[in-house]
file model28.txt (compact mmCIF, C-alpha atoms)
# COMPACT_ATOMS: atom_id res chain seq x y z
CA MET A 136 -4.47 -43.39 63.87
CA ALA A 137 -3.57 -40.08 62.30
CA THR A 138 -5.84 -38.02 60.11
CA PRO A 139 -5.03 -35.08 57.85
CA ALA A 140 -5.88 -32.86 60.84
CA HIS A 141 -2.69 -34.13 62.55
CA ARG A 142 -0.45 -32.97 59.70
CA ALA A 143 0.83 -29.70 61.18
CA ALA A 144 1.68 -31.25 64.55
CA ALA A 145 3.29 -34.33 62.98
CA VAL A 146 5.40 -32.22 60.62
CA ALA A 147 6.50 -29.94 63.49
CA THR A 148 7.49 -33.01 65.50
CA VAL A 149 9.56 -34.46 62.65
CA VAL A 150 11.30 -31.13 62.02
CA ALA A 151 12.18 -30.72 65.72
CA ALA A 152 13.09 -34.37 66.29
CA PHE A 153 15.39 -34.61 63.27
CA ALA A 154 17.18 -31.26 63.63
CA ALA A 155 20.43 -33.13 64.39
CA ASP A 156 19.61 -36.39 62.60
CA PRO A 157 22.37 -37.40 60.17
CA ALA A 158 19.99 -38.23 57.32
CA PHE A 159 17.83 -35.12 57.62
CA ARG A 160 20.94 -32.96 57.88
CA PHE A 161 22.24 -34.72 54.75
CA PHE A 162 18.97 -33.81 53.00
CA CYS A 163 18.84 -30.31 54.47
CA PRO A 164 22.38 -29.18 55.36
CA ASP A 165 21.72 -25.43 55.46
CA ASP A 166 20.78 -24.24 58.98
CA GLU A 167 18.86 -21.28 57.60
CA THR A 168 16.62 -23.32 55.30
CA TYR A 169 16.47 -26.50 57.42
CA PRO A 170 13.06 -25.72 58.98
CA SER A 171 11.29 -25.14 55.67
CA ASP A 172 13.16 -27.85 53.75
CA ALA A 173 12.62 -30.46 56.48
CA ALA A 174 8.94 -29.46 56.76
CA ALA A 175 8.49 -29.99 53.02
CA ILE A 176 10.02 -33.47 53.25
CA ALA A 177 8.07 -34.42 56.38
CA GLY A 178 4.83 -33.08 54.92
CA GLY A 179 5.30 -35.05 51.72
CA LEU A 180 6.00 -38.25 53.64
CA PHE A 181 2.96 -37.70 55.87
CA ASP A 182 0.68 -36.86 52.93
CA SER A 183 1.74 -39.96 51.00
CA ARG A 184 0.82 -42.28 53.91
CA VAL A 185 -1.96 -40.76 55.99
CA GLY A 186 -4.73 -41.84 53.62
CA HIS A 187 -3.68 -45.49 53.91
CA GLY A 188 -4.28 -45.76 57.65
CA THR A 189 -0.61 -46.40 58.36
CA VAL A 190 0.30 -43.26 60.28
CA TRP A 191 -0.08 -43.13 64.04
CA VAL A 192 0.35 -40.22 66.42
CA ALA A 193 0.43 -39.89 70.19
CA ASP A 194 -0.58 -36.88 72.27
CA GLY A 195 -1.87 -34.92 69.30
CA GLY A 196 1.29 -35.41 67.25
CA ALA A 197 4.05 -35.21 69.88
CA ALA A 198 5.16 -38.55 68.43
CA VAL A 199 4.49 -39.94 64.96
CA ALA A 200 5.13 -43.21 63.14
CA MET A 201 4.67 -43.36 59.38
CA TRP A 202 4.50 -46.87 57.97
CA ASP A 203 4.03 -48.44 54.55
CA GLY A 204 2.08 -51.68 54.59
CA PRO A 205 2.79 -54.56 52.22
CA ASP A 206 0.15 -53.35 49.76
CA ALA A 207 1.16 -49.69 49.82
CA PRO A 208 0.83 -48.05 46.44
CA PRO A 209 3.91 -46.35 45.04
CA SER A 210 4.51 -43.11 46.88
CA SER A 211 3.39 -39.91 45.23
CA HIS A 212 6.13 -38.12 47.16
CA GLN A 213 8.99 -37.32 44.79
CA PRO A 214 12.31 -36.83 46.56
CA ILE A 215 14.66 -34.28 45.08
CA GLY A 216 18.28 -33.31 45.57
CA ARG A 217 20.18 -35.10 48.30
CA PHE A 218 16.98 -36.78 49.51
CA ALA A 219 16.71 -38.47 46.10
CA VAL A 220 20.36 -39.63 46.35
CA TYR A 221 19.60 -41.17 49.74
CA GLU A 222 16.34 -42.78 48.62
CA HIS A 223 18.01 -44.31 45.56
CA ALA A 224 20.89 -45.77 47.61
CA VAL A 225 18.57 -47.25 50.23
CA ALA A 226 16.15 -48.64 47.64
CA ALA A 227 19.03 -50.47 45.96
CA VAL A 228 19.59 -52.63 49.07
CA MET A 229 16.14 -52.64 50.70
CA PRO A 230 14.47 -56.04 50.47
CA THR A 231 11.43 -56.06 48.21
CA TYR A 232 9.56 -59.01 49.73
CA PRO A 233 6.23 -58.30 51.45
CA ARG A 234 6.82 -56.42 54.68
CA TRP A 235 5.82 -53.49 56.82
CA TYR A 236 8.22 -50.57 56.45
CA LEU A 237 8.66 -47.92 59.14
CA GLY A 238 9.59 -44.87 57.09
CA VAL A 239 9.51 -42.28 59.89
CA LEU A 240 9.51 -42.51 63.67
CA ALA A 241 9.80 -39.21 65.52
CA CYS A 242 9.17 -37.90 68.99
CA HIS A 243 9.29 -34.23 69.81
CA PRO A 244 12.47 -33.52 71.81
CA GLN A 245 10.44 -32.00 74.66
CA ARG A 246 8.56 -35.29 75.05
CA ARG A 247 11.43 -37.80 74.81
CA GLY A 248 11.70 -40.40 77.53
CA GLN A 249 7.95 -40.84 77.85
CA ARG A 250 7.84 -43.94 75.59
CA LEU A 251 5.66 -42.15 73.04
CA GLY A 252 7.85 -43.38 70.18
CA ARG A 253 7.30 -46.97 71.23
CA ALA A 254 3.57 -46.29 71.55
CA VAL A 255 3.23 -45.02 67.97
CA MET A 256 5.51 -47.75 66.60
CA ALA A 257 3.46 -50.54 68.23
CA PRO A 258 0.41 -50.56 65.90
CA GLY A 259 2.59 -51.13 62.82
CA LEU A 260 4.55 -53.85 64.61
CA ARG A 261 1.29 -55.55 65.62
CA ARG A 262 -0.02 -55.40 62.05
CA ALA A 263 3.22 -56.86 60.69
CA ALA A 264 3.21 -59.66 63.27
CA GLY A 265 -0.49 -60.33 62.69
CA ALA A 266 0.17 -60.74 58.98
CA GLY A 267 3.22 -62.91 59.60
CA LEU A 268 5.44 -60.32 57.91
CA PRO A 269 8.71 -58.74 58.95
CA ALA A 270 9.03 -55.06 59.77
CA LEU A 271 11.87 -53.10 58.19
CA LEU A 272 13.34 -49.66 58.72
CA GLU A 273 16.50 -47.74 58.10
CA THR A 274 18.36 -45.34 60.33
CA SER A 275 21.41 -43.18 59.88
CA ASN A 276 21.67 -42.39 63.57
CA PRO A 277 24.07 -44.81 65.29
CA GLY A 278 22.32 -44.22 68.62
CA ASN A 279 19.04 -45.48 67.17
CA VAL A 280 20.51 -48.88 66.30
CA GLU A 281 20.42 -49.98 69.96
CA VAL A 282 16.98 -48.46 70.48
CA TYR A 283 15.59 -50.51 67.59
CA ARG A 284 17.44 -53.62 68.79
CA SER A 285 15.66 -53.24 72.13
CA VAL A 286 12.32 -53.80 70.35
CA GLY A 287 13.49 -56.79 68.32
CA PHE A 288 15.14 -55.36 65.20
CA ASP A 289 18.45 -56.70 63.92
CA ILE A 290 20.83 -55.21 61.38
CA LEU A 291 20.17 -56.64 57.95
CA GLU A 292 22.48 -54.39 55.91
CA HIS A 293 24.88 -51.52 56.42
CA LEU A 294 25.76 -49.05 53.68
CA THR A 295 27.27 -45.64 53.24
CA VAL A 296 25.49 -43.01 51.17
CA ASP A 297 27.50 -40.41 49.30
CA ALA A 298 30.79 -41.48 50.95
CA ASP A 299 30.02 -40.33 54.50
CA LEU A 300 26.44 -41.05 55.63
CA PRO A 301 26.11 -44.44 57.35
CA VAL A 302 22.76 -46.20 57.01
CA TRP A 303 21.62 -49.34 58.78
CA ILE A 304 18.77 -51.37 57.30
CA MET A 305 17.09 -53.22 60.15
CA ARG A 306 14.56 -56.06 60.22
CA ARG A 307 12.26 -57.41 62.89
CA PRO A 308 11.08 -60.91 62.02
call {"tool": "encode", "arguments": {"input": "model28.txt", "output": "structure tokens"}}
result
Amino acid sequence: MATPAHRAAAVATVVAAFAADPAFRFFCPDDETYPSDAAAIAGGLFDSRVGHGTVWVADGGAAVAMWDGPDAPPSSHQPIGRFAVYEHAVAAVMPTYPRWYLGVLACHPQRRGQRLGRAVMAPGLRRAAGAGLPALLETSNPGNVEVYRSVGFDILEHLTVDADLPVWIMRRP
């Protein structure tokens, strides 16, 4: 389980892992400001979850999973700009029934292929299954759809944000 001490490593992992991610590039399209803009987003997402015991890291932060449990309080993280556009569009179709929600799953590019992403995702999946609740997530990366299917997720909804960003809402019963 992550602690505030893992913040810097987790944020660095998210920034590196999502440098070519369609959603993060939608939020942060400028190459020059991407590192700082993406770090601000990742830091806000980490800060809003770490105190709830729903963030897990592997190898000191080389992989990170940030979950919201079914009783998660409203996030204190306030998206702005294109991130707010994305969040609003996804919230409009995201089921509101009790569930575990995987908000961020990232593995540092230098550590891919070592199954660290699956390792940090597993505690949230176990908690969801133990509570008899589904797990949900969204991805804008078409390559991730098959990765998530391989661990039991199915497509629940498909939408397009701002005319050109595809988003898949996925559910694992």
call {"tool": "residues_around", "arguments": {"input": "model28.txt", "residues": "range 168-178 of chain A", "least_positions_apart": "2", "cutoff": "10 Å", "atoms": "all atoms listed in the file", "output": "MDAnalysis selection string"}}
result
chainID A and resid 142:143 145:151 153:154 159:160 162:166 180:183 212:215 218 239
call {"tool": "atom_distance", "arguments": {"input": "model28.txt", "atom1": "CA of Thr138 in chain A", "atom2": "CA of Gly188 in chain A"}}
result
8.3 Å
call {"tool": "residues_around", "arguments": {"input": "model28.txt", "residues": "Ala198 in chain A", "least_positions_apart": "6", "cutoff": "12 Å", "atoms": "all atoms listed in the file", "output": "MDAnalysis selection string"}}
result
chainID A and resid 136:137 141:142 144:152 190:192 239:256
call {"tool": "residues_near_point", "arguments": {"input": "model28.txt", "point": "(1.7, -48.7, 61.4)", "cutoff": "10 Å", "atoms": "only C-alpha atoms", "output": "list of chain:residue names"}}
result
A:Met136, A:Arg184, A:His187, A:Gly188, A:Thr189, A:Val190, A:Trp191, A:Val192, A:Val199, A:Ala200, A:Met201, A:Trp202, A:Asp203, A:Gly204, A:Trp235, A:Tyr236, A:Leu237, A:Gly238, A:Val255, A:Met256, A:Ala257, A:Pro258, A:Gly259, A:Leu260, A:Arg261, A:Arg262, A:Ala263, A:Ala270
call {"tool": "closest_residue", "arguments": {"input": "model28.txt", "among": "A:Gly179, A:Ala266, A:Asp156, A:Ser275", "to": "Asp206 in chain A", "atoms": "only C-alpha atoms"}}
result
A:Ala266
call {"tool": "residues_around", "arguments": {"input": "model28.txt", "residues": "range 288-297 of chain A", "least_positions_apart": "6", "cutoff": "10 Å", "atoms": "only C-alpha atoms", "output": "NGL selection string"}}
result
:A and (158 or 161 or 217 or 220-225 or 228-230 or 269-275 or 280-282 or 303-308)
call {"tool": "atom_distance", "arguments": {"input": "model28.txt", "atom1": "CA of Asn276 in chain A", "atom2": "CA of Pro157 in chain A"}}
result
6.1 Å
call {"tool": "closest_residue", "arguments": {"input": "model28.txt", "among": "A:Ala140, A:Ala219, A:Ala155, A:Ala226", "to": "Gly195 in chain A", "atoms": "only C-alpha atoms"}}
result
A:Ala140
call {"tool": "atom_distance", "arguments": {"input": "model28.txt", "atom1": "CA of Ala264 in chain A", "atom2": "CA of Arg234 in chain A"}}
result
9.9 Å
call {"tool": "closest_residue", "arguments": {"input": "model28.txt", "among": "A:Val302, A:Val185, A:Ala207, A:Ala193", "to": "Gly278 in chain A", "atoms": "only C-alpha atoms"}}
result
A:Val302
